[in-house]
$ cat input-v3.txt   # compact mmCIF, C-alpha atoms and all ligand atoms
# COMPACT_ATOMS: atom_id res chain seq x y z
CA MET A 1458 0.00 0.00 0.00
CA SER A 1459 2.68 2.46 1.01
CA ALA A 1460 4.77 1.44 -2.00
CA ILE A 1461 1.94 2.34 -4.32
CA HIS A 1462 1.52 5.59 -2.45
CA THR A 1463 5.21 6.42 -2.89
CA TRP A 1464 4.97 5.61 -6.56
CA ALA A 1465 1.97 7.83 -7.01
CA CYS A 1466 3.73 10.70 -5.25
CA PHE A 1467 6.78 10.18 -7.38
CA LEU A 1468 4.79 10.21 -10.63
CA LEU A 1469 2.92 13.29 -9.46
CA TRP A 1470 6.20 15.00 -8.63
CA ILE A 1471 7.61 14.11 -12.03
CA SER A 1472 4.57 15.51 -13.81
CA PHE A 1473 4.85 18.74 -11.78
CA ALA A 1474 8.57 18.99 -12.27
CA THR A 1475 8.35 18.64 -16.01
CA GLN A 1476 5.34 20.89 -16.37
CA ASP A 1477 5.71 24.22 -18.07
CA LYS A 1478 9.46 24.50 -17.80
CA THR A 1479 12.08 25.06 -20.39
CA PRO A 1480 14.53 22.18 -20.34
CA ASP A 1481 17.84 22.76 -18.59
CA VAL A 1482 20.59 23.84 -20.88
CA THR A 1483 24.15 22.69 -20.40
CA VAL A 1484 26.82 25.07 -21.62
CA THR A 1485 30.48 24.17 -21.80
CA CYS A 1486 33.08 26.83 -22.33
CA PHE A 1487 36.86 27.03 -22.17
CA VAL A 1488 38.88 28.60 -19.36
CA SER A 1489 39.63 32.31 -19.92
CA GLU A 1490 37.28 32.46 -22.87
CA GLU A 1491 33.69 33.75 -23.14
CA CYS A 1492 30.69 31.76 -21.84
CA VAL A 1493 27.24 32.38 -23.29
CA LEU A 1494 24.36 31.58 -20.91
CA PRO A 1495 21.17 31.63 -22.99
CA CYS A 1496 17.81 32.93 -21.78
CA ASN A 1497 14.95 33.74 -24.11
CA PHE A 1498 11.53 35.00 -23.08
CA GLN A 1499 8.33 36.42 -24.52
CA PRO A 1500 9.08 40.16 -24.78
CA GLY A 1501 6.74 42.73 -23.24
CA SER A 1502 6.86 46.27 -21.92
CA LYS A 1503 9.03 46.48 -18.83
CA ALA A 1504 11.34 43.71 -17.88
CA THR A 1505 13.25 42.82 -14.79
CA ILE A 1506 15.92 40.28 -15.41
CA GLU A 1507 17.70 38.47 -12.65
CA TRP A 1508 20.42 35.92 -13.06
CA PHE A 1509 20.95 33.62 -10.10
CA ARG A 1510 23.81 31.37 -9.37
CA GLN A 1511 23.05 28.67 -6.83
CA ASN A 1512 20.03 30.82 -5.77
CA VAL A 1513 22.03 34.02 -5.21
CA VAL A 1514 21.40 36.97 -7.52
CA VAL A 1515 24.56 37.63 -9.47
CA TYR A 1516 23.28 40.04 -12.07
CA LYS A 1517 20.20 42.20 -12.24
CA PHE A 1518 18.87 44.33 -15.04
CA GLU A 1519 15.78 46.52 -14.99
CA ARG A 1520 14.08 48.07 -17.94
CA LYS A 1521 11.33 50.46 -16.92
CA ASP A 1522 9.96 51.37 -20.29
CA ASP A 1523 10.09 49.51 -23.53
CA ASN A 1524 10.17 52.62 -25.65
CA SER A 1525 13.51 51.67 -27.02
CA ASN A 1526 13.88 54.65 -29.37
CA SER A 1527 13.26 57.43 -26.83
CA SER A 1528 12.78 57.65 -23.08
CA SER A 1529 13.70 54.20 -21.96
CA SER A 1530 15.52 53.98 -18.69
CA SER A 1531 17.44 50.94 -17.72
CA LYS A 1532 19.46 50.05 -14.70
CA GLU A 1533 22.14 47.51 -14.28
CA HIS A 1534 23.06 45.96 -10.97
CA PHE A 1535 25.94 43.69 -10.28
CA LYS A 1536 25.57 41.79 -7.08
CA HIS A 1537 28.35 39.32 -7.24
CA GLU A 1538 31.95 40.30 -6.83
CA GLN A 1539 33.22 37.41 -8.92
CA LEU A 1540 31.18 38.46 -11.92
CA THR A 1541 31.70 42.22 -11.64
CA GLY A 1542 32.81 43.63 -14.91
CA ARG A 1543 32.79 40.24 -16.57
CA ALA A 1544 29.05 39.65 -17.02
CA SER A 1545 26.81 41.54 -19.40
CA ILE A 1546 23.39 41.45 -21.00
CA SER A 1547 22.80 43.34 -24.19
CA PRO A 1548 20.07 45.99 -23.53
CA VAL A 1549 19.23 46.02 -27.22
CA GLN A 1550 18.56 42.29 -27.20
CA ILE A 1551 16.21 42.52 -24.21
CA SER A 1552 13.47 44.13 -26.28
CA ASN A 1553 13.69 41.06 -28.53
CA GLY A 1554 13.15 38.79 -25.56
CA ASN A 1555 16.78 37.84 -25.23
CA ALA A 1556 18.34 38.02 -21.77
CA THR A 1557 21.40 35.98 -22.65
CA MET A 1558 24.26 36.66 -20.25
CA ILE A 1559 27.79 36.79 -21.57
CA LEU A 1560 30.49 35.92 -19.09
CA ARG A 1561 33.98 36.96 -20.14
CA ARG A 1562 37.36 35.61 -18.95
CA SER A 1563 35.73 32.55 -17.42
CA GLY A 1564 37.45 30.47 -14.79
CA LEU A 1565 36.82 27.17 -13.06
CA LYS A 1566 35.19 29.10 -10.19
CA ASP A 1567 32.34 30.08 -12.50
CA ARG A 1568 31.12 26.50 -12.81
CA GLY A 1569 27.67 25.83 -11.43
CA THR A 1570 23.94 26.08 -11.97
CA TYR A 1571 22.56 29.42 -13.08
CA ARG A 1572 18.97 30.51 -13.36
CA CYS A 1573 17.53 33.36 -15.32
CA HIS A 1574 14.34 34.88 -13.99
CA VAL A 1575 12.48 37.41 -16.12
CA LEU A 1576 9.49 39.39 -14.96
CA THR A 1577 7.57 41.29 -17.61
CA SER A 1578 4.14 42.86 -17.70
CA GLU A 1579 3.01 39.70 -19.49
CA GLY A 1580 4.31 37.20 -17.00
CA GLU A 1581 7.31 35.35 -15.65
CA HIS A 1582 9.93 33.20 -17.21
CA ASP A 1583 12.55 30.90 -15.72
CA ALA A 1584 15.41 29.13 -17.40
CA LYS A 1585 18.16 27.01 -15.92
CA VAL A 1586 21.66 26.82 -17.33
CA ILE A 1587 24.31 24.39 -16.13
CA LEU A 1588 27.72 25.87 -16.80
CA LYS A 1589 30.76 23.68 -17.26
CA VAL A 1590 34.13 25.30 -17.66
CA GLU A 1591 36.85 23.19 -19.12
CA ALA A 1592 40.54 23.51 -19.90
CA PRO A 1593 40.98 21.20 -22.86
CA ILE A 1594 44.14 19.30 -23.71
CA ARG A 1595 46.20 21.44 -26.06
CA GLY A 1596 49.02 18.99 -26.61
CA LEU A 1597 51.10 16.16 -25.19
CA PHE A 1598 54.80 16.27 -24.61
CA LEU A 1599 56.61 12.96 -24.88
CA GLU A 1600 60.31 12.43 -24.27
CA GLN A 1601 62.74 9.62 -23.70
CA SER A 1602 65.25 9.78 -20.87
CA ARG A 1603 67.98 7.66 -19.37
CA MET A 1604 67.55 8.66 -15.76
CA SER A 1605 68.94 6.43 -13.01
CA GLY A 1606 70.14 3.77 -15.41
CA TYR A 1607 66.73 2.99 -16.87
CA GLU A 1608 65.44 3.92 -20.27
CA GLU A 1609 62.21 5.73 -19.61
CA MET A 1610 59.39 7.33 -21.55
CA LYS A 1611 57.87 10.43 -19.99
CA CYS A 1612 54.55 11.87 -21.09
CA THR A 1613 53.43 15.30 -19.85
CA VAL A 1614 50.19 17.21 -20.26
CA ARG A 1615 49.71 20.67 -18.77
CA ASN A 1616 46.91 22.96 -17.58
CA VAL A 1617 43.97 20.67 -18.09
CA PHE A 1618 40.60 20.48 -16.37
CA PRO A 1619 38.95 18.17 -15.43
CA ALA A 1620 41.69 15.79 -14.32
CA PRO A 1621 43.05 13.90 -17.31
CA ARG A 1622 43.64 10.16 -17.41
CA VAL A 1623 46.88 8.78 -18.84
CA THR A 1624 47.20 5.26 -20.22
CA TRP A 1625 49.97 3.55 -22.18
CA ALA A 1626 50.01 1.06 -25.01
CA THR A 1627 52.62 -0.34 -27.36
CA GLU A 1628 52.77 -0.99 -31.06
CA PRO A 1629 52.84 -3.88 -31.76
CA PRO A 1630 50.80 -4.74 -28.64
CA THR A 1631 52.65 -6.60 -25.90
CA PHE A 1632 51.34 -8.97 -23.25
CA GLU A 1633 53.81 -7.72 -20.69
CA ASP A 1634 52.57 -5.53 -17.89
CA LEU A 1635 53.24 -1.84 -18.45
CA ARG A 1636 53.62 -0.20 -15.05
CA PRO A 1637 53.63 3.56 -15.46
CA VAL A 1638 54.10 5.94 -12.53
CA THR A 1639 51.72 8.89 -12.90
CA ARG A 1640 51.82 12.10 -10.87
CA MET A 1641 49.12 14.72 -10.92
CA LEU A 1642 49.34 18.27 -9.54
CA ALA A 1643 46.74 21.04 -9.48
CA ASP A 1644 47.79 24.70 -9.55
CA LYS A 1645 46.11 27.59 -7.75
CA LYS A 1646 43.51 27.96 -10.48
CA GLY A 1647 42.65 24.27 -10.26
CA LEU A 1648 44.30 23.27 -13.54
CA TYR A 1649 46.06 19.91 -13.61
CA THR A 1650 49.53 19.06 -14.80
CA VAL A 1651 50.18 15.36 -15.18
CA ASP A 1652 53.36 13.47 -15.90
CA SER A 1653 53.50 9.77 -16.44
CA ARG A 1654 56.72 7.75 -16.63
CA LEU A 1655 57.08 4.31 -18.09
CA LYS A 1656 60.17 2.10 -18.04
CA ARG A 1657 60.93 0.63 -21.43
CA LEU A 1658 60.62 -3.13 -21.63
CA LYS A 1659 63.95 -4.93 -21.84
CA GLY A 1660 64.92 -6.79 -24.96
CA GLN A 1661 62.30 -5.14 -27.18
CA PRO A 1662 64.05 -2.16 -28.74
CA ASP A 1663 61.66 -1.81 -31.66
CA LEU A 1664 58.51 -1.34 -29.61
CA ILE A 1665 56.69 1.97 -30.03
CA TYR A 1666 55.27 3.36 -26.77
CA ILE A 1667 52.01 5.26 -27.06
CA CYS A 1668 50.84 7.70 -24.40
CA LYS A 1669 47.09 8.30 -24.44
CA VAL A 1670 45.34 11.07 -22.51
CA THR A 1671 41.60 11.62 -22.07
CA THR A 1672 39.45 13.82 -19.85
CA SER A 1673 36.22 12.91 -18.12
CA TYR A 1674 34.25 15.61 -19.99
CA GLY A 1675 34.65 13.47 -23.06
CA GLY A 1676 36.19 15.11 -26.06
CA PRO A 1677 38.91 13.57 -28.16
CA ALA A 1678 41.59 11.26 -26.82
CA TRP A 1679 45.08 12.56 -27.48
CA THR A 1680 47.96 10.23 -28.26
CA ALA A 1681 51.67 10.67 -28.75
CA SER A 1682 54.42 8.19 -29.52
CA LEU A 1683 58.15 8.52 -29.99
CA ARG A 1684 61.07 6.55 -31.38
CA GLU A 1685 64.75 7.53 -31.23
CA ARG A 1686 67.74 6.17 -33.12
CA GLU A 1687 71.31 6.99 -34.13
CA ILE A 1688 72.52 6.88 -37.71
CA ARG A 1689 76.02 7.21 -39.16
CA GLY A 1690 76.65 8.33 -42.69
CA THR A 1691 79.61 9.24 -44.84
CA GLN A 1692 80.28 12.61 -46.43
CA GLY A 1693 79.31 12.63 -50.08
CA LYS A 1694 77.37 9.34 -49.88
CA ASP A 1695 73.57 9.49 -50.08
CA LEU A 1696 71.90 8.48 -46.84
CA THR A 1697 68.34 7.32 -46.14
CA ILE A 1698 66.89 8.47 -42.82
CA PRO A 1699 63.98 6.19 -41.94
CA CYS A 1700 60.60 7.25 -40.59
CA SER A 1701 57.59 4.98 -40.50
CA ALA A 1702 54.08 5.71 -39.32
CA PRO A 1703 52.49 3.28 -36.87
CA THR A 1704 49.34 1.60 -38.17
CA TYR A 1705 47.03 3.36 -35.71
CA LEU A 1706 47.54 6.69 -37.50
CA ASN A 1707 45.24 6.88 -40.47
CA ASN A 1708 46.43 8.93 -43.44
CA PRO A 1709 48.66 11.29 -41.46
CA SER A 1710 50.45 14.44 -42.55
CA LEU A 1711 54.22 14.54 -42.24
CA GLN A 1712 56.79 17.12 -41.25
CA TRP A 1713 60.58 16.87 -41.23
CA THR A 1714 62.72 19.26 -39.20
CA PHE A 1715 66.41 19.61 -38.48
CA SER A 1716 68.35 20.90 -35.51
CA ASN A 1717 72.07 20.98 -34.81
CA GLY A 1718 71.75 22.27 -31.28
CA GLU A 1719 71.96 25.93 -32.31
CA ASP A 1720 69.80 26.29 -35.39
CA PHE A 1721 66.43 24.81 -36.07
CA SER A 1722 65.02 24.55 -39.57
CA ARG A 1723 62.11 23.01 -41.39
CA ILE A 1724 63.05 20.56 -44.09
CA LEU A 1725 59.67 19.76 -45.56
CA THR A 1726 55.98 19.31 -44.95
CA TYR A 1727 53.73 16.77 -46.59
CA ASP A 1728 50.00 17.40 -46.66
CA SER A 1729 47.93 14.20 -46.59
CA ARG A 1730 44.91 15.83 -48.25
CA SER A 1731 46.71 17.09 -51.32
CA GLY A 1732 49.35 14.33 -51.34
CA ARG A 1733 51.98 16.99 -52.02
CA SER A 1734 55.09 17.97 -50.17
CA VAL A 1735 56.79 21.34 -49.92
CA SER A 1736 60.49 21.51 -49.13
CA MET A 1737 62.30 24.54 -47.79
CA PRO A 1738 65.52 26.03 -49.07
CA PRO A 1739 68.39 25.23 -48.66
CA TRP A 1740 67.18 21.68 -48.11
CA ASP A 1741 65.29 21.37 -51.39
CA ASN A 1742 68.39 20.42 -53.38
CA HIS A 1743 69.84 18.15 -50.71
CA MET A 1744 66.98 15.76 -50.08
CA GLU A 1745 64.23 13.69 -51.59
CA LEU A 1746 60.95 12.27 -50.31
CA ASP A 1747 58.92 9.69 -52.14
CA ASN A 1748 55.43 11.24 -51.99
CA PHE A 1749 53.81 8.04 -53.19
CA ARG A 1750 55.12 6.04 -50.26
CA VAL A 1751 53.96 8.42 -47.52
CA PRO A 1752 50.29 7.26 -47.58
CA PHE A 1753 51.65 3.76 -46.91
CA GLY A 1754 53.39 5.01 -43.80
CA ASP A 1755 56.89 5.36 -45.24
CA GLY A 1756 58.19 8.87 -44.74
CA ALA A 1757 61.90 8.10 -45.21
CA LEU A 1758 64.02 11.06 -46.24
CA ARG A 1759 66.89 10.62 -48.67
CA LEU A 1760 69.77 12.96 -47.93
CA MET A 1761 71.86 13.62 -51.01
CA ASP A 1762 75.58 14.46 -50.98
CA PRO A 1763 75.62 15.14 -47.22
CA LYS A 1764 78.38 17.29 -45.70
CA HIS A 1765 79.99 16.65 -42.33
CA LEU A 1766 79.58 20.19 -41.00
CA GLU A 1767 76.24 21.11 -42.55
CA HIS A 1768 74.29 17.90 -42.16
CA THR A 1769 75.35 16.41 -38.85
CA GLY A 1770 72.51 16.88 -36.37
CA SER A 1771 69.09 15.76 -35.28
CA TYR A 1772 66.48 14.92 -37.95
CA THR A 1773 62.95 14.71 -36.61
CA CYS A 1774 59.94 13.48 -38.50
CA GLU A 1775 56.44 13.84 -37.18
CA PHE A 1776 53.40 12.05 -38.52
CA SER A 1777 50.23 13.73 -37.33
CA VAL A 1778 46.45 13.56 -37.50
CA PRO A 1779 44.24 15.78 -35.33
CA TYR A 1780 44.98 14.98 -31.63
CA SER A 1781 47.61 12.35 -32.41
CA SER A 1782 51.21 12.34 -33.45
CA HIS A 1783 54.11 9.97 -33.89
CA THR A 1784 57.65 11.34 -33.76
CA GLU A 1785 60.95 9.75 -34.79
CA ARG A 1786 64.16 11.47 -33.80
CA ASN A 1787 67.29 10.46 -35.73
CA GLU A 1788 70.68 11.60 -34.46
CA VAL A 1789 72.70 11.64 -37.67
CA THR A 1790 76.50 11.86 -37.80
CA ILE A 1791 78.07 12.44 -41.19
CA HIS A 1792 81.69 11.28 -41.27
CA ASP A 1793 84.24 13.04 -43.39
CA PRO A 1794 86.85 10.35 -44.28
CA GLU A 1795 89.20 12.89 -45.93
CA GLY A 1796 88.89 15.21 -43.00
CA GLU A 1797 89.61 12.36 -40.64
CA GLN A 1798 92.64 11.32 -42.71
CA ARG A 1799 93.84 14.90 -42.63
CA ALA A 1800 93.23 14.95 -38.94
CA SER A 1801 95.18 11.72 -38.47
CA GLU A 1802 97.98 13.10 -40.69
CA ASP A 1803 98.00 16.18 -38.55
CA ALA A 1804 98.12 13.93 -35.53
CA SER A 1805 101.18 12.00 -36.87
CA TYR A 1806 102.89 15.28 -37.71
CA TRP A 1807 102.40 16.44 -34.17
CA TRP A 1808 103.60 13.07 -32.94
CA VAL A 1809 106.90 13.53 -34.84
CA ILE A 1810 107.33 17.06 -33.49
CA GLY A 1811 106.64 15.76 -30.01
CA LEU A 1812 109.20 12.97 -30.39
CA VAL A 1813 111.87 15.37 -31.69
CA ALA A 1814 111.15 17.75 -28.81
CA ALA A 1815 111.37 14.89 -26.31
CA VAL A 1816 114.71 13.72 -27.77
CA LEU A 1817 116.05 17.28 -27.65
CA VAL A 1818 114.97 17.71 -24.05
CA LEU A 1819 116.54 14.36 -23.11
CA ALA A 1820 119.79 15.28 -24.87
CA LEU A 1821 119.90 18.64 -23.15
CA ALA A 1822 119.23 17.06 -19.78
CA GLY A 1823 121.96 14.46 -20.42
CA MET A 1824 124.44 17.15 -21.44
CA LEU A 1825 123.68 19.20 -18.32
CA ALA A 1826 124.04 16.16 -16.07
CA TYR A 1827 127.35 15.31 -17.73
CA LEU A 1828 128.65 18.85 -17.34
CA LYS A 1829 127.61 18.89 -13.71
CA LEU A 1830 129.30 15.56 -13.00
CA ARG A 1831 132.45 16.63 -14.78
CA GLY A 1832 132.36 19.95 -12.94
CA ARG A 1833 132.24 18.17 -9.56
CA THR A 1834 135.21 15.84 -10.20
CA SER A 1835 137.43 18.61 -11.57
CA LYS A 1836 136.45 21.13 -8.93
CA PRO A 1837 139.34 20.60 -6.42
CA ARG A 1838 141.95 20.98 -9.10
CA ASN A 1839 140.42 24.13 -10.44
CA ASP A 1840 139.88 25.85 -7.11
CA PRO A 1841 142.94 27.97 -6.42
CA GLU A 1842 141.94 28.71 -2.83
CA GLU A 1843 141.64 25.06 -1.93
CA VAL A 1844 144.98 24.37 -3.59
CA THR A 1845 146.78 27.10 -1.62
CA GLU A 1846 145.09 25.88 1.55
CA LEU A 1847 146.29 22.36 0.84
CA ASN A 1848 149.76 23.67 0.16
CA LEU A 1849 149.62 25.63 3.36
CA VAL A 1850 148.72 22.51 5.28
CA LYS A 1851 151.47 20.64 3.46
CA ASP A 1852 153.93 23.43 4.21
CA ALA A 1853 152.88 23.52 7.80
CA ALA A 1854 153.32 19.79 8.09
CA ALA A 1855 156.73 20.03 6.47
CA GLY A 1856 157.78 22.91 8.74
CA GLN A 1857 156.99 21.05 11.96
C1 LIG B 1901 20.92 36.94 -27.71
O1 LIG B 1901 21.93 37.92 -27.45
C2 LIG B 1901 23.27 37.51 -27.50
C3 LIG B 1901 24.15 38.69 -27.17
O2 LIG B 1901 23.83 39.23 -25.93
C4 LIG B 1901 23.57 36.95 -28.87
O3 LIG B 1901 24.89 36.45 -28.89
C5 LIG B 1901 22.59 35.85 -29.21
O4 LIG B 1901 22.83 35.40 -30.52
C6 LIG B 1901 21.17 36.32 -29.06
N1 LIG B 1901 20.28 35.20 -29.27
C7 LIG B 1901 19.27 35.23 -30.13
C8 LIG B 1901 18.43 34.01 -30.20
O5 LIG B 1901 19.04 36.21 -30.78

$ encode --input "input-v3.txt" --output "structure tokens"
Amino acid sequence: MSAIHTWACFLLWISFATQDKTPDVTVTCFVSEECVLPCNFQPGSKATIEWFRQNVVVYKFERKDDNSNSSSSSKEHFKHEQLTGRASISPVQISNGNATMILRRSGLKDRGTYRCHVLTSEGEHDAKVILKVEAPIRGLFLEQSRMSGYEEMKCTVRNVFPAPRVTWATEPPTFEDLRPVTRMLADKKGLYTVDSRLKRLKGQPDLIYICKVTTSYGGPAWTASLREREIRGTQGKDLTIPCSAPTYLNNPSLQWTFSNGEDFSRILTYDSRSGRSVSMPPWDNHMELDNFRVPFGDGALRLMDPKHLEHTGSYTCEFSVPYSSHTERNEVTIHDPEGEQRASEDASYWWVIGLVAAVLVLALAGMLAYLKLRGRTSKPRNDPEEVTELNLVKDAAAGQ
């Protein structure tokens, strides 16, 4: 009996709750950008508009007279410190029945339930707006490090709200347990910075590690993966720098860049939609990309007639689709055999000079030692004083 009673009450409540009410609107906007909280009503002469947030008036607007072309008087009231100067309703729009509130420079503190209450000569209107403020993922930063003896992948994502979730995968998939260590920190504004570290699996050097980040508000999942290698080439001999797209990236665009520690330059970009690549000077006459192979995931760059000084450095290729990228960093050393020969010739030359100098020094030292030794043995004979003294002693002895 009481169960039926409860049910009846519940159904009654539902029918009341849904009666004559505009459905709640959910608005999502980005941190520090503008939020638009909609409120539309049947226009009439006079209007008092109040915006509530969690049942506290945060913005009030009164329009006494709807004679918009002449003697209309309107008053604005701000009642909430947090919204002061950031919230506005367009007075012109009010006569059209539009009490939409614009909130500028939004922050996470602005999240919540808002209600717009409009009182006109014709009646009342209420509308509820649920405001979500979000700081979306703008990018992932993935790097490889050799801290504390382990090879590690580190994935970082900054200034995100709500809290992001980081997961790892490999390509090809592995059955081994990946055990990342993930740290999450929130700053004063409530934005999260997350870094996740994963030890590379031993004995599987060709595995690609994929860092995947999502947020609970939905939205796209971001992924990043990275591979690093070292390549040695010879001056004057064409060299192929490999770069292959993992299968999970579908029809990606490609970009090659170069850095030698001081300068950074773009080598080329390949656009997946047009199937064309554009190369930048001075690289355009030193390299080649097979445009027809890129859609099949082969973005290898052929370096022609490379020079030791000009072309030694880091070559990075990045395959990308929206929200996902795969990067391969190639540390390329171009040897200069002639230069090395010259260097070794130089080295032998210096070796000879060194030897000669050493011999000279030894000879000099030997000569000095000899002179010193000779000087000591011949000293008594050469010293006239000692001789006279000796003679004196002799004389004295003879005289006694
Ligand atoms: C209501 O006014 C706002 C500006 O205050 C405007 O952006 C919006 O498009 C208007 N809505 C309608 C339905 O006219």

$ residues_near_ligand --input "input-v3.txt" --ligand "ligand LIG 1901 (chain B)" --cutoff "10 Å" --atoms "all atoms listed in the file" --output "ChimeraX atom specification"
/A:1493-1498,1545-1551,1553-1559

$ write_last_selection --input "input-v3.txt" --atoms "C-alpha atoms" --output "tab-separated table (two decimals), keeping the file's coordinate frame"
chain	number	residue	atom	x	y	z
A	1493	VAL	CA	27.24	32.38	-23.29
A	1494	LEU	CA	24.36	31.58	-20.91
A	1495	PRO	CA	21.17	31.63	-22.99
A	1496	CYS	CA	17.81	32.93	-21.78
A	1497	ASN	CA	14.95	33.74	-24.11
A	1498	PHE	CA	11.53	35.00	-23.08
A	1545	SER	CA	26.81	41.54	-19.40
A	1546	ILE	CA	23.39	41.45	-21.00
A	1547	SER	CA	22.80	43.34	-24.19
A	1548	PRO	CA	20.07	45.99	-23.53
A	1549	VAL	CA	19.23	46.02	-27.22
A	1550	GLN	CA	18.56	42.29	-27.20
A	1551	ILE	CA	16.21	42.52	-24.21
A	1553	ASN	CA	13.69	41.06	-28.53
A	1554	GLY	CA	13.15	38.79	-25.56
A	1555	ASN	CA	16.78	37.84	-25.23
A	1556	ALA	CA	18.34	38.02	-21.77
A	1557	THR	CA	21.40	35.98	-22.65
A	1558	MET	CA	24.26	36.66	-20.25
A	1559	ILE	CA	27.79	36.79	-21.57

$ atom_distance --input "input-v3.txt" --atom1 "CA of Gly1647 (chain A)" --atom2 "CA of Gly1564 (chain A)"
9.3 Å

$ closest_residue --input "input-v3.txt" --among "A:Gln1499, A:Thr1726, A:Thr1672, A:Ser1701" --to "Glu1685 (chain A)" --atoms "all atoms listed in the file"
A:Ser1701

$ residues_around --input "input-v3.txt" --residues "region 1673-1679 of chain A" --least-positions-apart "6" --cutoff "8 Å" --atoms "only C-alpha atoms" --output "ChimeraX atom specification"
/A:1594,1596-1597,1619-1622,1780-1781

$ atom_distance --input "input-v3.txt" --atom1 "CA of Thr1627 (chain A)" --atom2 "CA of Ile1667 (chain A)"
5.6 Å

$ residues_near_point --input "input-v3.txt" --point "(59.3, 10.5, -52.1)" --cutoff "9 Å" --atoms "only C-alpha atoms" --output "list in words"
Ser1734, Glu1745, Leu1746, Asp1747, Asn1748, Phe1749, Arg1750, Val1751, Asp1755, Gly1756, Ala1757, Leu1758 and Arg1759 of chain A

$ atom_distance --input "input-v3.txt" --atom1 "CA of His1743 (chain A)" --atom2 "CA of Pro1794 (chain A)"
19.8 Å

$ residues_near_point --input "input-v3.txt" --point "(61.6, 6.7, -27.2)" --cutoff "8 Å" --atoms "only C-alpha atoms" --output "ChimeraX atom specification"
/A:1600-1602,1609-1610,1665-1666,1682-1685

$ write_last_selection --input "input-v3.txt" --atoms "C-alpha atoms" --output "CSV table (one decimal), in the coordinates of the input"
chain,number,residue,atom,x,y,z
A,1600,GLU,CA,60.3,12.4,-24.3
A,1601,GLN,CA,62.7,9.6,-23.7
A,1602,SER,CA,65.2,9.8,-20.9
A,1609,GLU,CA,62.2,5.7,-19.6
A,1610,MET,CA,59.4,7.3,-21.6
A,1665,ILE,CA,56.7,2.0,-30.0
A,1666,TYR,CA,55.3,3.4,-26.8
A,1682,SER,CA,54.4,8.2,-29.5
A,1683,LEU,CA,58.2,8.5,-30.0
A,1684,ARG,CA,61.1,6.6,-31.4
A,1685,GLU,CA,64.8,7.5,-31.2

$ residues_around --input "input-v3.txt" --residues "Ser1653 (chain A)" --least-positions-apart "5" --cutoff "12 Å" --atoms "all atoms listed in the file" --output "ChimeraX atom specification"
/A:1597-1601,1609-1615,1621-1625,1635-1642,1667-1670

$ residues_around --input "input-v3.txt" --residues "Lys1585 (chain A)" --least-positions-apart "3" --cutoff "6 Å" --atoms "only C-alpha atoms" --output "PyMOL selection string"
chain A and resi 1481+1571-1572

$ write_last_selection --input "input-v3.txt" --atoms "C-alpha atoms" --output "PDB file, keeping the file's coordinate frame"
ATOM      1  CA  ASP A1481      17.840  22.760 -18.590  1.00  0.00           C
ATOM      2  CA  TYR A1571      22.560  29.420 -13.080  1.00  0.00           C
ATOM      3  CA  ARG A1572      18.970  30.510 -13.360  1.00  0.00           C
TER       4      ARG A1572
END

$ closest_residue --input "input-v3.txt" --among "A:Asn1616, A:Thr1541, A:Asn1512, A:Ser1716" --to "His1574 (chain A)" --atoms "only C-alpha atoms"
A:Asn1512

$ closest_residue --input "input-v3.txt" --among "A:Leu1696, A:Ala1584, A:Val1590, A:Met1761" --to "Cys1492 (chain A)" --atoms "all atoms listed in the file"
A:Val1590
